[in-house]
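Asks: My structure file work38.pdb, PDB, C-alpha atoms, is below:
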```pdb
MODEL        1
ATOM      1  CA  MET A   1     100.247  87.061 137.170
ATOM      2  CA  ARG A   2     103.989  86.509 137.250
ATOM      3  CA  THR A   3     106.033  89.678 136.705
ATOM      4  CA  ILE A   4     109.755  89.594 136.137
ATOM      5  CA  PRO A   5     111.924  92.722 136.095
ATOM      6  CA  ALA A   6     112.700  94.089 132.688
ATOM      7  CA  GLY A   7     115.758  92.194 131.457
ATOM      8  CA  VAL A   8     118.511  94.493 130.403
ATOM      9  CA  ALA A   9     116.336  97.575 130.815
ATOM     10  CA  ALA A  10     117.581 100.893 132.111
ATOM     11  CA  THR A  11     116.920  99.840 135.683
ATOM     12  CA  ALA A  12     118.762  96.525 135.473
ATOM     13  CA  SER A  13     121.918  96.107 137.474
ATOM     14  CA  LEU A  14     125.073  95.432 135.491
ATOM     15  CA  ALA A  15     126.481  93.529 138.464
ATOM     16  CA  ALA A  16     124.416  90.490 137.493
ATOM     17  CA  SER A  17     125.944  90.145 134.041
ATOM     18  CA  MET A  18     128.588  87.935 132.456
ATOM     19  CA  VAL A  19     130.671  88.788 129.422
ATOM     20  CA  LEU A  20     130.816  85.858 127.003
ATOM     21  CA  ALA A  21     133.104  87.324 124.364
ATOM     22  CA  ALA A  22     136.042  85.133 123.432
ATOM     23  CA  GLY A  23     137.998  87.930 121.836
ATOM     24  CA  CYS A  24     137.114  90.053 118.844
ATOM     25  CA  ALA A  25     137.081  88.057 116.576
ATOM     26  CA  ALA A  26     102.995  89.686  95.399
ATOM     27  CA  PRO A  27      99.468  89.281  96.203
ATOM     28  CA  GLY A  28      97.083  87.340  93.888
ATOM     29  CA  THR A  29      97.030  83.883  92.398
ATOM     30  CA  SER A  30      98.273  82.529  89.063
ATOM     31  CA  PRO A  31      95.476  81.728  86.575
ATOM     32  CA  THR A  32      94.529  78.075  86.223
ATOM     33  CA  TRP A  33      94.476  76.884  82.623
ATOM     34  CA  GLN A  34      92.237  74.024  81.547
ATOM     35  CA  ALA A  35      93.357  72.501  78.235
ATOM     36  CA  GLY A  36      90.725  72.337  75.516
ATOM     37  CA  ALA A  37      88.214  74.506  77.358
ATOM     38  CA  PRO A  38      87.433  78.188  77.017
ATOM     39  CA  ILE A  39      89.044  80.465  79.539
ATOM     40  CA  ALA A  40      86.534  81.624  82.105
ATOM     41  CA  SER A  41      86.562  85.220  83.188
ATOM     42  CA  SER A  42      88.649  85.589  86.318
ATOM     43  CA  ALA A  43      87.364  87.229  89.471
ATOM     44  CA  ALA A  44      89.536  89.625  91.421
ATOM     45  CA  PRO A  45      91.730  87.759  93.912
ATOM     46  CA  SER A  46      90.636  87.815  97.509
ATOM     47  CA  PRO A  47      92.797  89.945  99.762
ATOM     48  CA  THR A  48      95.107  88.083 102.116
ATOM     49  CA  THR A  49      93.500  87.697 105.515
ATOM     50  CA  ARG A  50      95.799  88.283 108.460
ATOM     51  CA  ALA A  51      95.030  87.116 111.957
ATOM     52  CA  PRO A  52      94.146  89.905 114.375
ATOM     53  CA  LYS A  53      97.139  91.401 116.126
ATOM     54  CA  PRO A  54      97.540  89.957 119.620
ATOM     55  CA  LYS A  55      96.980  92.150 122.640
ATOM     56  CA  ILE A  56      99.869  92.518 125.065
ATOM     57  CA  ASP A  57      99.557  91.883 128.789
ATOM     58  CA  THR A  58     102.309  93.766 130.604
ATOM     59  CA  GLU A  59     102.998  95.585 133.846
ATOM     60  CA  ASN A  60     106.288  97.009 132.602
ATOM     61  CA  GLY A  61     105.103  99.640 130.113
ATOM     62  CA  ALA A  62     105.796  97.580 127.004
ATOM     63  CA  LYS A  63     103.939  98.434 123.799
ATOM     64  CA  GLY A  64     103.396  95.975 120.995
ATOM     65  CA  PRO A  65     103.799  93.393 119.830
ATOM     66  CA  LEU A  66     105.901  94.869 117.054
ATOM     67  CA  GLY A  67     106.042  92.500 114.100
ATOM     68  CA  ASP A  68     105.028  88.851 114.218
ATOM     69  CA  VAL A  69     105.076  86.880 117.449
ATOM     70  CA  ILE A  70     107.749  84.159 117.304
ATOM     71  CA  ASP A  71     106.852  80.739 118.721
ATOM     72  CA  LEU A  72     109.721  78.808 120.269
ATOM     73  CA  GLY A  73     109.154  75.389 118.767
ATOM     74  CA  GLY A  74     106.780  74.003 121.379
ATOM     75  CA  LEU A  75     108.569  75.168 124.529
ATOM     76  CA  LYS A  76     105.962  75.770 127.266
ATOM     77  CA  ASP A  77     105.674  77.081 130.812
ATOM     78  CA  ALA A  78     104.359  75.060 133.759
ATOM     79  CA  ASP A  79     100.740  75.826 132.782
ATOM     80  CA  GLY A  80     101.253  74.612 129.223
ATOM     81  CA  ASN A  81     101.318  78.074 127.687
ATOM     82  CA  PRO A  82     103.706  78.312 124.706
ATOM     83  CA  TYR A  83     106.756  80.519 125.151
ATOM     84  CA  VAL A  84     107.022  83.329 122.603
ATOM     85  CA  ILE A  85     109.350  86.216 121.753
ATOM     86  CA  PHE A  86     108.150  89.478 120.219
ATOM     87  CA  GLY A  87     109.299  93.005 119.531
ATOM     88  CA  VAL A  88     108.258  95.822 121.842
ATOM     89  CA  THR A  89     108.622  99.555 122.277
ATOM     90  CA  GLY A  90     107.700 101.848 125.154
ATOM     91  CA  LYS A  91     109.258 102.944 128.410
ATOM     92  CA  ILE A  92     110.600  99.465 129.117
ATOM     93  CA  VAL A  93     113.087  99.921 126.271
ATOM     94  CA  ASN A  94     116.349 101.731 126.978
ATOM     95  CA  GLU A  95     116.757 105.276 125.660
ATOM     96  CA  THR A  96     119.425 104.356 123.119
ATOM     97  CA  SER A  97     117.168 101.730 121.508
ATOM     98  CA  ALA A  98     114.206 102.089 119.155
ATOM     99  CA  PHE A  99     112.933  98.643 120.178
ATOM    100  CA  GLY A 100     113.552  95.663 122.408
ATOM    101  CA  PHE A 101     112.519  92.021 122.522
ATOM    102  CA  ALA A 102     110.266  90.460 125.147
ATOM    103  CA  ILE A 103     109.922  86.860 126.176
ATOM    104  CA  GLY A 104     106.608  85.667 127.555
ATOM    105  CA  VAL A 105     103.794  83.256 126.793
ATOM    106  CA  ARG A 106     100.817  83.058 124.453
ATOM    107  CA  LEU A 107      97.540  83.094 126.390
ATOM    108  CA  PRO A 108      93.921  82.383 125.351
ATOM    109  CA  LYS A 109      91.849  85.130 123.697
ATOM    110  CA  ASN A 110      94.743  86.247 121.484
ATOM    111  CA  ILE A 111      96.855  87.669 124.310
ATOM    112  CA  VAL A 112     100.625  87.537 124.712
ATOM    113  CA  ARG A 113     102.118  88.187 128.131
ATOM    114  CA  GLU A 114     105.371  90.109 128.471
ATOM    115  CA  ASP A 115     107.473  88.641 131.250
ATOM    116  CA  LEU A 116     110.901  90.125 130.603
ATOM    117  CA  THR A 117     112.376  92.505 128.029
ATOM    118  CA  ILE A 118     115.913  93.021 126.762
ATOM    119  CA  SER A 119     117.254  96.011 124.843
ATOM    120  CA  GLU A 120     120.550  97.670 124.010
ATOM    121  CA  TYR A 121     121.762 100.331 126.455
ATOM    122  CA  GLU A 122     125.209 101.274 125.172
ATOM    123  CA  GLY A 123     124.772 101.849 121.448
ATOM    124  CA  LYS A 124     122.021 101.684 118.853
ATOM    125  CA  ALA A 125     119.592  98.780 118.716
ATOM    126  CA  THR A 126     120.732  97.973 115.176
ATOM    127  CA  ASP A 127     124.499  98.176 115.615
ATOM    128  CA  PRO A 128     126.010  95.062 113.991
ATOM    129  CA  GLY A 129     126.448  92.035 116.208
ATOM    130  CA  PHE A 130     125.032  90.779 119.476
ATOM    131  CA  HIS A 131     123.133  92.851 122.005
ATOM    132  CA  PRO A 132     122.658  92.113 125.721
ATOM    133  CA  MET A 133     120.810  88.821 126.151
ATOM    134  CA  GLN A 134     119.046  87.009 128.973
ATOM    135  CA  ALA A 135     120.282  83.751 130.445
ATOM    136  CA  GLN A 136     118.126  80.708 131.020
ATOM    137  CA  MET A 137     116.018  81.019 134.181
ATOM    138  CA  ASP A 138     114.688  78.316 136.500
ATOM    139  CA  LEU A 139     111.345  79.706 137.672
ATOM    140  CA  LEU A 140     109.483  79.131 140.921
ATOM    141  CA  ASP A 141     106.783  77.138 139.098
ATOM    142  CA  LYS A 142     109.484  74.592 138.156
ATOM    143  CA  SER A 143     109.457  75.588 134.498
ATOM    144  CA  VAL A 144     112.508  76.835 132.620
ATOM    145  CA  GLN A 145     112.472  80.079 130.664
ATOM    146  CA  PRO A 146     114.827  79.749 127.686
ATOM    147  CA  ALA A 147     117.901  81.893 127.219
ATOM    148  CA  PHE A 148     117.302  84.339 124.381
ATOM    149  CA  GLY A 149     118.645  87.375 122.594
ATOM    150  CA  TYR A 150     118.975  89.002 119.209
ATOM    151  CA  TYR A 151     121.693  89.642 116.675
ATOM    152  CA  SER A 152     121.814  92.577 114.260
ATOM    153  CA  GLY A 153     122.642  90.749 111.068
ATOM    154  CA  THR A 154     121.644  87.499 109.374
ATOM    155  CA  PRO A 155     123.925  84.726 110.653
ATOM    156  CA  ALA A 156     123.539  81.146 109.491
ATOM    157  CA  ARG A 157     124.509  79.826 112.940
ATOM    158  CA  ILE A 158     124.833  81.066 116.514
ATOM    159  CA  THR A 159     126.630  78.886 119.026
ATOM    160  CA  VAL A 160     127.968  79.006 122.559
ATOM    161  CA  ARG A 161     130.527  76.852 124.376
ATOM    162  CA  GLU A 162     129.496  75.099 127.593
ATOM    163  CA  VAL A 163     132.647  73.614 129.110
ATOM    164  CA  ASN A 164     133.785  71.083 126.466
ATOM    165  CA  ARG A 165     130.796  71.111 124.137
ATOM    166  CA  THR A 166     129.085  73.444 121.671
ATOM    167  CA  ILE A 167     125.386  74.320 121.853
ATOM    168  CA  GLU A 168     123.581  75.671 118.806
ATOM    169  CA  ALA A 169     120.821  78.271 119.028
ATOM    170  CA  HIS A 170     117.513  78.310 117.205
ATOM    171  CA  LEU A 171     117.170  81.315 114.864
ATOM    172  CA  ALA A 172     114.240  83.330 113.492
ATOM    173  CA  PRO A 173     114.247  86.565 111.470
ATOM    174  CA  TRP A 174     112.162  89.387 112.905
ATOM    175  CA  SER A 175     109.330  90.222 110.490
ATOM    176  CA  GLU A 176     109.468  93.927 111.336
ATOM    177  CA  ASP A 177     113.126  94.079 110.268
ATOM    178  CA  PRO A 178     114.533  90.842 108.787
ATOM    179  CA  GLY A 179     118.013  92.233 109.359
ATOM    180  CA  GLN A 180     117.492  91.440 113.054
ATOM    181  CA  THR A 181     117.766  87.790 114.038
ATOM    182  CA  VAL A 182     116.107  86.492 117.204
ATOM    183  CA  PHE A 183     117.717  83.451 118.811
ATOM    184  CA  TRP A 184     117.081  81.165 121.752
ATOM    185  CA  PHE A 185     118.500  78.011 123.307
ATOM    186  CA  ASP A 186     116.338  74.980 124.059
ATOM    187  CA  PRO A 187     116.655  74.207 127.811
ATOM    188  CA  ALA A 188     116.953  70.520 126.915
ATOM    189  CA  ASP A 189     120.317  71.306 125.322
ATOM    190  CA  VAL A 190     121.646  73.314 128.278
ATOM    191  CA  HIS A 191     123.405  71.697 131.238
ATOM    192  CA  ASP A 192     124.854  74.728 133.031
ATOM    193  CA  SER A 193     124.538  78.168 131.478
ATOM    194  CA  SER A 194     126.807  79.620 134.165
ATOM    195  CA  GLN A 195     129.647  77.862 132.321
ATOM    196  CA  TRP A 196     128.966  79.515 128.964
ATOM    197  CA  THR A 197     131.777  81.101 126.986
ATOM    198  CA  ASP A 198     132.521  82.051 123.399
ATOM    199  CA  LEU A 199     129.111  83.127 122.149
ATOM    200  CA  GLY A 200     129.555  83.531 118.397
ATOM    201  CA  ALA A 201     127.699  84.127 115.142
ATOM    202  CA  TYR A 202     128.821  82.633 111.804
ATOM    203  CA  ASP A 203     127.901  82.902 108.154
ATOM    204  CA  ALA A 204     127.163  79.908 105.897
ATOM    205  CA  ALA A 205     130.868  79.492 105.133
ATOM    206  CA  GLY A 206     131.727  79.318 108.836
ATOM    207  CA  THR A 207     133.304  82.762 109.031
ATOM    208  CA  ARG A 208     132.817  84.478 112.359
ATOM    209  CA  LEU A 209     130.687  87.615 112.162
ATOM    210  CA  PRO A 210     131.053  90.789 114.284
ATOM    211  CA  ASP A 211     130.601  90.161 117.994
ATOM    212  CA  GLY A 212     128.923  93.439 118.888
ATOM    213  CA  HIS A 213     127.929  93.899 122.537
ATOM    214  CA  ILE A 214     128.112  90.464 124.140
ATOM    215  CA  GLU A 215     126.636  90.404 127.644
ATOM    216  CA  LEU A 216     124.559  87.823 129.490
ATOM    217  CA  SER A 217     122.163  88.905 132.218
ATOM    218  CA  THR A 218     121.949  86.097 134.774
ATOM    219  CA  TYR A 219     119.567  87.305 137.495
TER     220      TYR A 219
ENDMDL
END
```
Output the file's structure as structure tokens, nothing else.
Replies:
Amino acid sequence: MRTIPAGVAATASLAASMVLAAGCAAPGTSPTWQAGAPIASSAAPSPTTRAPKPKIDTENGAKGPLGDVIDLGGLKDADGNPYVIFGVTGKIVNETSAFGFAIGVRLPKNIVREDLTISEYEGKATDPGFHPMQAQMDLLDKSVQPAFGYYSGTPARITVREVNRTIEAHLAPWSEDPGQTVFWFDPADVHDSSQWTDLGAYDAAGTRLPDGHIELSTY
């Protein structure tokens, strides 16, 4: 089992971080009507069936998953396991935060593995704007773990500058609190994350939203 230290957890060193800021800137179904025929008595609707909650595999004290597990659009590790992001609580989360987000993979038998967790350590987990995120990582198995983070708010776009080009993140609302937006960058779009600057979030009109706590952990 591959274990990676806990992202921007309380034990993480701030020396391995980059600042990217570019300045402040209802159940049931509708009845079916059949013309010209008597209306049959309707049975009570069947309750919605939810898949069993996944079990978490972790060596870092994470509890969860909290909310739905987010699949990253087909991104996989070297063994073909899909990368996922999910909410967690527990001792892996910093004291100032009520939750964090873990990246890992979906395994057989309804298991998700927690590989690395990020959480806020300066303010509250829900303070508006960005919170410390994790950079893309080239792993020993030759796979690439995507860069990921979360934004407190509901931006239409999140982008970052890489030298002379702009890279756009993939976004997903967190089911536990849709006011929190999870984002990640497809490794196929990234040439050199060490050259990233100007991480920003924007509304549908293109107006820049609050930056919050912009920090990129690069270890």
Asks: Counting all atoms listed in the file, which residues of stretch 94-138 of chain A sit at most 10 Å from some atom of stretch 177-183 of chain A, and what is each one's closest atom pair with its distance in Å to one decimal, listed by chain and rising residue number, as CSV?
Replies:
```
residue,atom,partner,partner_atom,distance
A:Phe101,CA,A:Val182,CA,8.5
A:Ala125,CA,A:Gln180,CA,9.5
A:Thr126,CA,A:Gln180,CA,7.6
A:Pro128,CA,A:Gln180,CA,9.3
A:Gly129,CA,A:Gln180,CA,9.5
A:Phe130,CA,A:Thr181,CA,9.6
A:Met133,CA,A:Phe183,CA,9.6
```
Asks: One decimal, Å: what's the distance from atom CA of A:Pro108 over to atom CA of A:Asp189, could you say?
Replies: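 About the pair atom CA of A:Pro108 and atom CA of A:Asp189: they are 28.6 Å apart.
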Asks: What gap, in Å, lies between atom CA of A:Ser152 and atom CA of A:Arg113?
Replies: 24.5 Å
Asks: Between A:His191, A:Lys63, A:Lys55, A:Arg208, single out the one closest to A:Pro155, counting all atoms listed in the file.
Replies: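 Distance minimum relative to A:Pro155 lands on A:Arg208.
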Asks: Please, what distance in Å, to one decimal, runs between atom CA of A:Pro65 and atom CA of A:Ala78?
Replies: 23.0 Å
